[in-house]
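S.K.: Next up, start37.cif (mmCIF, C-alpha atoms).
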```
data_input
#
loop_
_atom_site.group_PDB
_atom_site.id
_atom_site.type_symbol
_atom_site.label_atom_id
_atom_site.label_comp_id
_atom_site.auth_asym_id
_atom_site.auth_seq_id
_atom_site.Cartn_x
_atom_site.Cartn_y
_atom_site.Cartn_z
ATOM 1 C CA MET A 206 -19.988 -42.512 -50.782
ATOM 2 C CA GLU A 207 -21.827 -39.957 -48.670
ATOM 3 C CA THR A 208 -22.046 -42.438 -45.804
ATOM 4 C CA LYS A 209 -18.282 -42.996 -46.003
ATOM 5 C CA ILE A 210 -17.597 -39.239 -45.938
ATOM 6 C CA LEU A 211 -19.959 -38.843 -43.003
ATOM 7 C CA ASN A 212 -18.208 -41.622 -41.073
ATOM 8 C CA ILE A 213 -14.793 -40.107 -41.797
ATOM 9 C CA THR A 214 -16.056 -36.694 -40.676
ATOM 10 C CA LEU A 215 -17.457 -38.153 -37.471
ATOM 11 C CA LEU A 216 -14.212 -40.022 -36.843
ATOM 12 C CA VAL A 217 -12.108 -36.896 -37.401
ATOM 13 C CA SER A 218 -14.450 -34.879 -35.155
ATOM 14 C CA LEU A 219 -14.188 -37.537 -32.469
ATOM 15 C CA ILE A 220 -10.391 -37.536 -32.684
ATOM 16 C CA ILE A 221 -10.312 -33.724 -32.482
ATOM 17 C CA ALA A 222 -12.690 -33.796 -29.503
ATOM 18 C CA ILE A 223 -10.505 -36.379 -27.747
ATOM 19 C CA ILE A 224 -7.394 -34.250 -28.397
ATOM 20 C CA ILE A 225 -9.130 -31.131 -27.063
ATOM 21 C CA ILE A 226 -10.380 -32.966 -23.964
ATOM 22 C CA TYR A 227 -6.913 -34.418 -23.364
ATOM 23 C CA PHE A 228 -5.421 -30.952 -23.797
ATOM 24 C CA PHE A 229 -7.765 -29.403 -21.215
ATOM 25 C CA VAL A 230 -7.329 -32.287 -18.768
ATOM 26 C CA SER A 231 -3.545 -31.894 -19.070
ATOM 27 C CA ILE A 232 -3.850 -28.174 -18.386
ATOM 28 C CA ILE A 233 -6.022 -28.817 -15.311
ATOM 29 C CA ARG A 234 -3.596 -31.454 -13.987
ATOM 30 C CA TYR A 235 -0.644 -29.163 -14.598
ATOM 31 C CA HIS A 236 -2.418 -26.282 -12.849
ATOM 32 C CA ARG A 237 -3.248 -28.471 -9.828
ATOM 33 C CA ARG A 238 0.334 -29.733 -9.692
ATOM 34 C CA TYR A 239 1.624 -26.174 -9.968
ATOM 35 C CA MET A 240 -0.693 -24.932 -7.182
ATOM 36 C CA LYS A 241 0.356 -27.835 -4.968
ATOM 37 C CA LEU A 242 4.026 -27.010 -5.503
ATOM 38 C CA GLN A 243 3.317 -23.339 -4.816
ATOM 39 C CA ARG A 244 1.556 -24.206 -1.538
ATOM 40 C CA GLU A 245 4.437 -26.469 -0.527
ATOM 41 C CA LYS A 246 6.920 -23.697 -1.365
ATOM 42 C CA ILE A 247 4.983 -21.094 0.614
ATOM 43 C CA PHE A 248 4.598 -23.489 3.543
ATOM 44 C CA ALA A 249 8.349 -24.204 3.515
ATOM 45 C CA GLU A 250 9.179 -20.485 3.421
ATOM 46 C CA ILE A 251 6.809 -19.682 6.286
ATOM 47 C CA THR A 252 8.108 -22.640 8.315
ATOM 48 C CA ILE A 253 11.686 -21.454 7.838
ATOM 49 C CA ARG A 254 10.650 -17.931 8.830
ATOM 50 C CA GLU A 255 8.856 -19.156 11.978
ATOM 51 C CA ASN A 256 11.835 -21.323 12.974
ATOM 52 C CA GLU A 257 14.145 -18.333 12.548
ATOM 53 C CA ARG A 258 11.828 -16.163 14.642
ATOM 54 C CA LYS A 259 11.810 -18.846 17.326
ATOM 55 C CA ARG A 260 15.622 -19.035 17.322
ATOM 56 C CA ILE A 261 16.022 -15.248 17.592
ATOM 57 C CA ALA A 262 13.362 -15.025 20.324
ATOM 58 C CA ASN A 263 15.109 -17.742 22.340
ATOM 59 C CA ASP A 264 18.487 -16.012 21.905
ATOM 60 C CA LEU A 265 17.022 -12.721 23.120
ATOM 61 C CA HIS A 266 15.282 -14.338 26.066
ATOM 62 C CA ASP A 267 17.959 -16.816 27.149
ATOM 63 C CA SER A 268 21.188 -14.968 26.290
ATOM 64 C CA LEU A 269 20.842 -11.210 25.977
ATOM 65 C CA GLY A 270 18.180 -10.869 28.672
ATOM 66 C CA PRO A 271 20.214 -12.356 31.528
ATOM 67 C CA LEU A 272 23.346 -10.578 30.279
ATOM 68 C CA LEU A 273 21.688 -7.148 30.345
ATOM 69 C CA SER A 274 20.184 -7.862 33.757
ATOM 70 C CA ALA A 275 23.652 -8.769 35.052
ATOM 71 C CA VAL A 276 25.077 -5.533 33.635
ATOM 72 C CA LYS A 277 22.348 -3.519 35.372
ATOM 73 C CA LEU A 278 23.005 -5.368 38.653
ATOM 74 C CA ASN A 279 26.734 -4.616 38.435
ATOM 75 C CA ILE A 280 26.070 -0.953 37.705
ATOM 76 C CA SER A 281 23.687 -0.694 40.649
ATOM 77 C CA SER A 282 26.260 -2.240 42.998
ATOM 78 C CA VAL A 283 29.002 0.260 42.138
ATOM 79 C CA GLU A 284 29.722 2.646 45.020
ATOM 80 C CA ILE A 285 29.952 6.240 43.839
ATOM 81 C CA GLN A 286 31.041 9.197 45.942
ATOM 82 C CA GLN A 287 30.338 12.028 43.534
ATOM 83 C CA PRO A 288 26.640 12.964 43.027
ATOM 84 C CA GLU A 289 27.312 13.747 39.349
ATOM 85 C CA ASP A 290 28.598 10.209 38.753
ATOM 86 C CA ARG A 291 25.602 8.734 40.559
ATOM 87 C CA ILE A 292 23.280 10.672 38.236
ATOM 88 C CA VAL A 293 25.103 9.256 35.212
ATOM 89 C CA LEU A 294 24.861 5.696 36.569
ATOM 90 C CA ASP A 295 21.157 6.113 37.370
ATOM 91 C CA LYS A 296 20.516 7.327 33.826
ATOM 92 C CA THR A 297 22.473 4.374 32.468
ATOM 93 C CA ALA A 298 20.416 1.975 34.585
ATOM 94 C CA GLY A 299 17.269 3.634 33.240
ATOM 95 C CA TYR A 300 18.463 3.163 29.659
ATOM 96 C CA LEU A 301 19.145 -0.491 30.416
ATOM 97 C CA ASP A 302 15.601 -0.882 31.757
ATOM 98 C CA GLU A 303 14.240 0.551 28.495
ATOM 99 C CA ILE A 304 16.452 -1.782 26.445
ATOM 100 C CA ILE A 305 15.392 -4.820 28.480
ATOM 101 C CA GLY A 306 11.720 -3.857 28.129
ATOM 102 C CA SER A 307 12.043 -3.346 24.366
ATOM 103 C CA MET A 308 13.894 -6.635 24.017
ATOM 104 C CA ARG A 309 11.137 -8.478 25.874
ATOM 105 C CA ARG A 310 8.480 -6.950 23.619
ATOM 106 C CA ILE A 311 10.447 -7.911 20.518
ATOM 107 C CA SER A 312 10.950 -11.438 21.859
ATOM 108 C CA HIS A 313 7.227 -11.729 22.595
ATOM 109 C CA ASP A 314 6.270 -10.473 19.121
ATOM 110 C CA LEU A 315 8.622 -13.001 17.552
ATOM 111 C CA LEU A 316 7.308 -15.921 19.601
ATOM 112 C CA PRO A 317 4.611 -15.357 22.228
ATOM 113 C CA SER A 318 5.234 -17.855 25.014
ATOM 114 C CA THR A 319 1.554 -17.650 25.978
ATOM 115 C CA LEU A 320 0.665 -19.292 22.657
ATOM 116 C CA GLU A 321 2.523 -22.453 23.618
ATOM 117 C CA ARG A 322 1.452 -22.415 27.266
ATOM 118 C CA LYS A 323 -2.191 -21.314 27.158
ATOM 119 C CA GLY A 324 -3.319 -21.468 23.541
ATOM 120 C CA LEU A 325 -4.460 -19.144 20.783
ATOM 121 C CA LEU A 326 -7.153 -17.063 22.472
ATOM 122 C CA GLU A 327 -5.056 -16.237 25.536
ATOM 123 C CA ALA A 328 -2.132 -15.267 23.294
ATOM 124 C CA ILE A 329 -4.409 -12.967 21.268
ATOM 125 C CA ARG A 330 -5.835 -11.437 24.467
ATOM 126 C CA GLU A 331 -2.333 -10.742 25.756
ATOM 127 C CA PHE A 332 -1.249 -9.291 22.409
ATOM 128 C CA ILE A 333 -4.296 -7.006 22.244
ATOM 129 C CA ASN A 334 -3.768 -5.817 25.834
ATOM 130 C CA GLN A 335 -0.172 -4.908 25.012
ATOM 131 C CA VAL A 336 -1.196 -3.045 21.837
ATOM 132 C CA ASN A 337 -3.957 -1.152 23.666
ATOM 133 C CA THR A 338 -1.441 0.205 26.173
ATOM 134 C CA ARG A 339 0.835 1.564 23.424
ATOM 135 C CA GLN A 340 -1.514 2.634 20.616
ATOM 136 C CA THR A 341 -4.479 4.972 20.194
ATOM 137 C CA VAL A 342 -6.592 2.318 18.431
ATOM 138 C CA ASN A 343 -9.150 0.747 20.778
ATOM 139 C CA ILE A 344 -9.156 -3.009 20.074
ATOM 140 C CA GLN A 345 -11.987 -5.172 21.400
ATOM 141 C CA LEU A 346 -12.031 -8.970 21.333
ATOM 142 C CA TYR A 347 -15.319 -10.902 21.264
ATOM 143 C CA ILE A 348 -15.532 -14.664 21.742
ATOM 144 C CA VAL A 349 -18.967 -15.653 20.466
ATOM 145 C CA LYS A 350 -18.163 -19.325 20.950
ATOM 146 C CA GLU A 351 -15.034 -20.969 22.343
ATOM 147 C CA ILE A 352 -12.793 -22.348 19.606
ATOM 148 C CA SER A 353 -10.492 -25.351 19.476
ATOM 149 C CA VAL A 354 -7.576 -25.048 17.061
ATOM 150 C CA PRO A 355 -4.884 -27.679 16.385
ATOM 151 C CA LYS A 356 -1.475 -26.608 17.679
ATOM 152 C CA GLU A 357 0.100 -26.570 14.221
ATOM 153 C CA LYS A 358 -2.532 -24.059 13.031
ATOM 154 C CA GLU A 359 -2.460 -21.731 16.029
ATOM 155 C CA ILE A 360 0.705 -19.880 15.031
ATOM 156 C CA HIS A 361 -0.695 -19.092 11.575
ATOM 157 C CA LEU A 362 -3.966 -17.712 12.948
ATOM 158 C CA PHE A 363 -2.043 -15.687 15.526
ATOM 159 C CA ARG A 364 0.206 -14.215 12.802
ATOM 160 C CA MET A 365 -2.858 -13.338 10.733
ATOM 161 C CA ILE A 366 -4.379 -11.422 13.647
ATOM 162 C CA GLN A 367 -1.031 -9.709 14.214
ATOM 163 C CA GLU A 368 -0.899 -8.668 10.564
ATOM 164 C CA ILE A 369 -4.473 -7.326 10.595
ATOM 165 C CA VAL A 370 -3.809 -5.329 13.784
ATOM 166 C CA HIS A 371 -0.544 -3.922 12.423
ATOM 167 C CA ASN A 372 -2.205 -3.001 9.118
ATOM 168 C CA THR A 373 -5.001 -1.236 11.002
ATOM 169 C CA ILE A 374 -2.554 0.735 13.151
ATOM 170 C CA LYS A 375 -0.228 1.621 10.290
ATOM 171 C CA HIS A 376 -2.638 2.353 7.442
ATOM 172 C CA ALA A 377 -6.277 2.606 8.523
ATOM 173 C CA GLN A 378 -6.167 5.649 10.830
ATOM 174 C CA ALA A 379 -8.922 3.858 12.729
ATOM 175 C CA ARG A 380 -10.135 4.626 16.228
ATOM 176 C CA ASN A 381 -11.729 1.229 16.868
ATOM 177 C CA LEU A 382 -11.033 -2.340 15.789
ATOM 178 C CA GLN A 383 -13.338 -5.229 16.666
ATOM 179 C CA ILE A 384 -12.188 -8.852 16.446
ATOM 180 C CA GLY A 385 -14.645 -11.707 16.853
ATOM 181 C CA PHE A 386 -14.137 -15.479 17.031
ATOM 182 C CA SER A 387 -16.565 -18.349 16.817
ATOM 183 C CA GLU A 388 -16.688 -21.992 15.707
ATOM 184 C CA GLU A 389 -19.274 -23.539 13.426
ATOM 185 C CA ASP A 390 -19.502 -26.884 11.595
ATOM 186 C CA GLY A 391 -15.866 -27.749 12.186
ATOM 187 C CA HIS A 392 -14.576 -24.322 11.122
ATOM 188 C CA VAL A 393 -13.065 -21.447 13.071
ATOM 189 C CA LEU A 394 -14.662 -18.168 12.044
ATOM 190 C CA CYS A 395 -12.932 -14.839 12.542
ATOM 191 C CA LEU A 396 -14.407 -11.450 11.662
ATOM 192 C CA THR A 397 -12.570 -8.151 12.097
ATOM 193 C CA LYS A 398 -14.028 -4.695 11.535
ATOM 194 C CA ASP A 399 -12.439 -1.254 11.839
ATOM 195 C CA ASP A 400 -13.815 2.269 11.392
ATOM 196 C CA GLY A 401 -10.788 3.542 9.497
ATOM 197 C CA GLN A 402 -10.379 5.235 6.143
ATOM 198 C CA GLY A 403 -10.524 2.016 4.105
ATOM 199 C CA PHE A 404 -8.584 1.473 0.892
ATOM 200 C CA ASP A 405 -8.699 0.305 -2.696
ATOM 201 C CA LYS A 406 -7.683 -3.371 -2.615
ATOM 202 C CA GLU A 407 -6.251 -3.431 -6.145
ATOM 203 C CA LYS A 408 -4.045 -0.398 -5.501
ATOM 204 C CA ALA A 409 -2.984 -1.779 -2.103
ATOM 205 C CA MET A 410 -1.956 -5.125 -3.624
ATOM 206 C CA ALA A 411 0.228 -3.277 -6.123
ATOM 207 C CA GLY A 412 1.981 -1.283 -3.362
ATOM 208 C CA SER A 413 3.904 -2.045 -0.197
ATOM 209 C CA GLN A 414 0.712 -2.737 1.769
ATOM 210 C CA GLY A 415 0.069 -5.636 -0.608
ATOM 211 C CA LEU A 416 2.882 -7.586 1.018
ATOM 212 C CA GLY A 417 0.844 -7.883 4.208
ATOM 213 C CA LEU A 418 -2.297 -8.831 2.299
ATOM 214 C CA ARG A 419 -0.426 -11.497 0.339
ATOM 215 C CA SER A 420 0.969 -12.872 3.590
ATOM 216 C CA LEU A 421 -2.572 -13.173 4.952
ATOM 217 C CA GLU A 422 -3.759 -14.939 1.807
ATOM 218 C CA SER A 423 -0.767 -17.300 1.839
ATOM 219 C CA ARG A 424 -1.307 -18.360 5.452
ATOM 220 C CA CYS A 425 -5.021 -18.809 4.836
ATOM 221 C CA GLU A 426 -4.280 -20.976 1.804
ATOM 222 C CA ILE A 427 -1.847 -23.090 3.830
ATOM 223 C CA LEU A 428 -4.649 -23.751 6.316
ATOM 224 C CA ASN A 429 -7.038 -24.683 3.472
ATOM 225 C CA GLY A 430 -9.223 -21.796 4.513
ATOM 226 C CA ILE A 431 -10.838 -18.828 2.829
ATOM 227 C CA MET A 432 -10.441 -15.118 3.444
ATOM 228 C CA THR A 433 -12.606 -12.317 2.145
ATOM 229 C CA LEU A 434 -11.694 -8.655 2.363
ATOM 230 C CA ASP A 435 -14.299 -5.911 2.207
ATOM 231 C CA SER A 436 -12.940 -2.383 2.040
ATOM 232 C CA MET A 437 -13.351 0.830 0.129
ATOM 233 C CA PRO A 438 -12.117 4.381 0.684
ATOM 234 C CA GLY A 439 -13.997 6.036 3.531
ATOM 235 C CA ALA A 440 -15.856 2.883 4.601
ATOM 236 C CA GLY A 441 -13.466 1.010 6.901
ATOM 237 C CA THR A 442 -12.138 -2.512 6.426
ATOM 238 C CA ASN A 443 -13.630 -5.911 7.218
ATOM 239 C CA TYR A 444 -11.830 -9.266 7.116
ATOM 240 C CA PHE A 445 -13.639 -12.596 7.241
ATOM 241 C CA ILE A 446 -11.552 -15.739 7.784
ATOM 242 C CA LYS A 447 -12.854 -19.312 7.773
ATOM 243 C CA ILE A 448 -10.453 -22.111 8.697
ATOM 244 C CA PRO A 449 -11.220 -25.843 8.990
ATOM 245 C CA VAL A 450 -10.053 -27.298 12.296
ATOM 246 C CA LYS A 451 -10.616 -31.006 11.608
#
```
Show the structure stored in the file as C-alpha cells.
M.R.:
Amino acid sequence: METKILNITLLVSLIIAIIIIYFFVSIIRYHRRYMKLQREKIFAEITIRENERKRIANDLHDSLGPLLSAVKLNISSVEIQQPEDRIVLDKTAGYLDEIIGSMRRISHDLLPSTLERKGLLEAIREFINQVNTRQTVNIQLYIVKEISVPKEKEIHLFRMIQEIVHNTIKHAQARNLQIGFSEEDGHVLCLTKDDGQGFDKEKAMAGSQGLGLRSLESRCEILNGIMTLDSMPGAGTNYFIKIPVK
C-alpha cells in the first residue's frame, strides 16, 4: 500500500514538474516572440522615419534649393535707380543667403550625402567640423583603428553619434566631448566621453531626455549590439557602444 502511494506521489510530482516546465518554456518562447516582434516594429518605424528624412532632404536639395537660388539671381539682376531700393534688395538677397544656408544644413542633417559617397567616418568628421563651427563644445574624434561597417548599418551608427552630440550640447553643459572608434574581433567599438554635469539615468529616462536615450537603445538593439551608459551628477557622461559588423 505504501509503495502504491509512493508511486502515485511520484507520478503526480512528475506531472506537476512537467506542467511547470512547460509553463516556463511557453513563457520564454512567448517572450522571445514578443521581443522579436518589438524589434521588427522598431526597425520598421526607424526605416519609415529614415525614408521620410531622405525624401524631405531630396526635396529641399533638388526643388527648394534651385528655386531660391533663381529668386536670388533675379533679385540681383534687377536694375534699381534709387539707393534706398538698392539697400532693400541687398538686404533681401542677404536674407535669401541665410535661408539657403539654413536649408542646406537642414538637408545635410536629414541625410548627409557624405555618408553615401565616402562612408561613416568621413560623414562623422564632416558633422563634427560643422558642429564645432557653431557650438562652444569642443568635439574631438579619435580613430584608434580604421573600421569597416556594412552600408545598412552606417546610417544607424551615424544617427547614434548625432544623438549623443545633440544630447551633450543640449543637456550636458560640457566644454569637451571626445569620440573614439576602433574595431576588434569583428565588432565596431565606440566610446564617447564628455566633461559635463552628468545626470541621473533613471530620472532622465522618465523625462523628455529619455526619448533620445531610448532612441539610442533601439538603434543599438536593431544592430544586435550593446550600449552601456555611465553617468552621474557632476561626473560627466560616458557611452560605450559595441556593434557586430559581420
S.K.: Here is a test: counting only C-alpha atoms, which residue of A:Leu219, A:Cys395, A:Ile225, A:Leu301 is nearest to Lys350 of chain A?
M.R.: A:Cys395
S.K.: Can you tell me how far atom CA of Gly417 of chain A sits from atom CA of Ile369 of chain A, in Å to one decimal?
M.R.: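 Computing the Euclidean distance for atom CA of Gly417 of chain A and atom CA of Ile369 of chain A yields 8.3 Å.
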S.K.: Give me the result of the PyMOL selection byres ((chain A and resi 326-330) around 12) on this file, residue by residue, as a VMD selection string.
M.R.: chain A and resid 313 to 314 316 to 325 331 to 337 344 to 348 350 to 354 359 to 360 362 to 367 370 384 to 387 393 395
S.K.: For Lys246 of chain A, which of A:Glu426, A:Ala440, A:Ile431, A:Asn263 is the closest residue, counting all atoms listed in the file?
M.R.: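 Once distances to Lys246 of chain A are computed over all atoms listed in the file, the minimum belongs to A:Glu426.
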S.K.: Draw an axis-aligned box tight on the listed atoms of segment 331-343 of chain A, then pad every side by 6 Å and write out centre and edge lengths in Å to one decimal as lines of an AutoDock Vina configuration file.
M.R.:
```
center_x = -4.2
center_y = -2.9
center_z = 22.3
size_x = 22.0
size_y = 27.7
size_z = 19.7
```
S.K.: Decode the PyMOL selection byres ((chain A and resi 262) around 8) for the given file into explicit residues and return them as a list in words.
M.R.: Arg258, Lys259, Arg260, Ile261, Asn263, Asp264, Leu265, His266, Ile311, Ser312, His313, Leu315 and Leu316 of chain A
S.K.: Write the residues of the selection above to a file with C-alpha atoms, as a short mmCIF file (atom, residue, chain, number, x, y, z; two decimals), keeping the file's coordinate frame.
M.R.:
```cif
data_model
loop_
_atom_site.label_atom_id
_atom_site.label_comp_id
_atom_site.auth_asym_id
_atom_site.auth_seq_id
_atom_site.Cartn_x
_atom_site.Cartn_y
_atom_site.Cartn_z
CA ARG A 258 11.83 -16.16 14.64
CA LYS A 259 11.81 -18.85 17.33
CA ARG A 260 15.62 -19.04 17.32
CA ILE A 261 16.02 -15.25 17.59
CA ASN A 263 15.11 -17.74 22.34
CA ASP A 264 18.49 -16.01 21.90
CA LEU A 265 17.02 -12.72 23.12
CA HIS A 266 15.28 -14.34 26.07
CA ILE A 311 10.45 -7.91 20.52
CA SER A 312 10.95 -11.44 21.86
CA HIS A 313 7.23 -11.73 22.60
CA LEU A 315 8.62 -13.00 17.55
CA LEU A 316 7.31 -15.92 19.60
#
```
S.K.: For Arg310 of chain A, which residue among A:Arg380, A:Arg339, A:Leu434, A:Glu407 is the nearest when counting all atoms listed in the file?
M.R.: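 Residue with the minimum atom-to-atom distance to Arg310 of chain A: A:Arg339.
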S.K.: Which residue gives the smallest distance to Asn279 of chain A among A:Ala298, A:Met432, A:Phe404, A:Val293, with all atoms listed in the file counted?
M.R.: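 Of A:Ala298, A:Met432, A:Phe404, A:Val293, the one nearest Asn279 of chain A, counting all atoms listed in the file, is A:Ala298.
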S.K.: For the PyMOL selection byres ((chain A and resi 391) around 6), applied here, can you spell out every residue it catches as a list of chain:residue names?
M.R.: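 Going through the file, the PyMOL selection byres ((chain A and resi 391) around 6) ends up selecting A:Glu389, A:Asp390, A:His392, A:Pro449, A:Val450.
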S.K.: Quote the spacing between atom CA of Phe445 of chain A and atom CA of Lys398 of chain A in Å to one decimal place.
M.R.: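 It comes out at 9.0 Å.
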S.K.: Around (-14.2, 2.5, 6.4), as given in the file, which residues come within 10 Å? Count all atoms listed in the file and list them as a list in words.
M.R.: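 I get Ala377, Gln378, Ala379, Lys398, Asp399, Asp400, Gly401, Gln402, Gly403, Phe404, Asp435, Ser436, Met437, Pro438, Gly439, Ala440, Gly441, Thr442 and Asn443 of chain A for the residues within 10 Å of that point.
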S.K.: Of the residues A:Glu368, A:Leu382, A:Lys408, A:Pro271, which is the one nearest to Glu422 of chain A, using all atoms listed in the file?
M.R.: A:Glu368
S.K.: Which residue, A:Val283, A:Cys425, A:Ile304, A:Ile210, has the smallest gap to Lys447 of chain A when you use all atoms listed in the file?
M.R.: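 Result for the nearest residue to Lys447 of chain A: A:Cys425.
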S.K.: Just to confirm, what's the straight-line distance from atom CA of Ile233 of chain A to atom CA of Lys406 of chain A in Å (one decimal)?
M.R.: 28.5 Å
S.K.: Export N, CA and C atoms of segment 319-344 of chain A from the structure just given, as a compact mmCIF listing (two decimals), in the first residue's frame?
M.R.:
```
# COMPACT_ATOMS: atom_id res chain seq x y z
N THR A 319 27.66 62.86 -47.68
CA THR A 319 29.00 62.28 -47.48
C THR A 319 28.90 60.84 -47.02
N LEU A 320 27.86 60.50 -46.27
CA LEU A 320 27.69 59.14 -45.77
C LEU A 320 27.59 58.15 -46.92
N GLU A 321 26.85 58.52 -47.95
CA GLU A 321 26.69 57.63 -49.10
C GLU A 321 27.92 57.64 -50.00
N ARG A 322 28.59 58.79 -50.08
CA ARG A 322 29.72 58.91 -51.01
C ARG A 322 31.03 58.41 -50.42
N LYS A 323 31.28 58.73 -49.14
CA LYS A 323 32.61 58.46 -48.57
C LYS A 323 32.60 57.58 -47.33
N GLY A 324 31.41 57.23 -46.83
CA GLY A 324 31.36 56.32 -45.70
C GLY A 324 31.17 57.00 -44.35
N LEU A 325 31.08 56.15 -43.32
CA LEU A 325 30.70 56.60 -41.99
C LEU A 325 31.68 57.59 -41.37
N LEU A 326 32.96 57.26 -41.35
CA LEU A 326 33.92 58.10 -40.65
C LEU A 326 34.03 59.49 -41.25
N GLU A 327 34.02 59.57 -42.58
CA GLU A 327 34.08 60.89 -43.23
C GLU A 327 32.83 61.70 -42.92
N ALA A 328 31.67 61.03 -42.89
CA ALA A 328 30.43 61.73 -42.57
C ALA A 328 30.46 62.26 -41.13
N ILE A 329 31.00 61.46 -40.21
CA ILE A 329 31.11 61.91 -38.81
C ILE A 329 32.10 63.06 -38.70
N ARG A 330 33.23 62.97 -39.42
CA ARG A 330 34.20 64.08 -39.40
C ARG A 330 33.55 65.38 -39.88
N GLU A 331 32.82 65.28 -40.99
CA GLU A 331 32.17 66.47 -41.54
C GLU A 331 31.14 67.02 -40.57
N PHE A 332 30.36 66.14 -39.96
CA PHE A 332 29.35 66.56 -38.99
C PHE A 332 30.00 67.26 -37.80
N ILE A 333 31.08 66.68 -37.27
CA ILE A 333 31.76 67.28 -36.12
C ILE A 333 32.36 68.63 -36.48
N ASN A 334 32.94 68.75 -37.67
CA ASN A 334 33.50 70.04 -38.10
C ASN A 334 32.42 71.11 -38.16
N GLN A 335 31.25 70.74 -38.68
CA GLN A 335 30.15 71.70 -38.75
C GLN A 335 29.68 72.11 -37.36
N VAL A 336 29.57 71.14 -36.44
CA VAL A 336 29.13 71.45 -35.07
C VAL A 336 30.15 72.34 -34.38
N ASN A 337 31.44 72.05 -34.57
CA ASN A 337 32.49 72.84 -33.90
C ASN A 337 32.49 74.30 -34.33
N THR A 338 32.02 74.57 -35.54
CA THR A 338 31.99 75.97 -36.01
C THR A 338 30.79 76.73 -35.45
N ARG A 339 29.79 76.00 -34.94
CA ARG A 339 28.57 76.67 -34.48
C ARG A 339 28.36 76.59 -32.97
N GLN A 340 29.05 75.68 -32.28
CA GLN A 340 28.81 75.46 -30.87
C GLN A 340 30.07 75.71 -30.05
N THR A 341 29.88 75.88 -28.73
CA THR A 341 31.01 76.13 -27.84
C THR A 341 31.66 74.84 -27.37
N VAL A 342 31.00 73.70 -27.57
CA VAL A 342 31.59 72.42 -27.16
C VAL A 342 32.71 72.05 -28.13
N ASN A 343 33.86 71.69 -27.59
CA ASN A 343 34.99 71.26 -28.41
C ASN A 343 34.91 69.74 -28.58
N ILE A 344 34.64 69.29 -29.81
CA ILE A 344 34.48 67.86 -30.08
C ILE A 344 35.72 67.35 -30.79
```
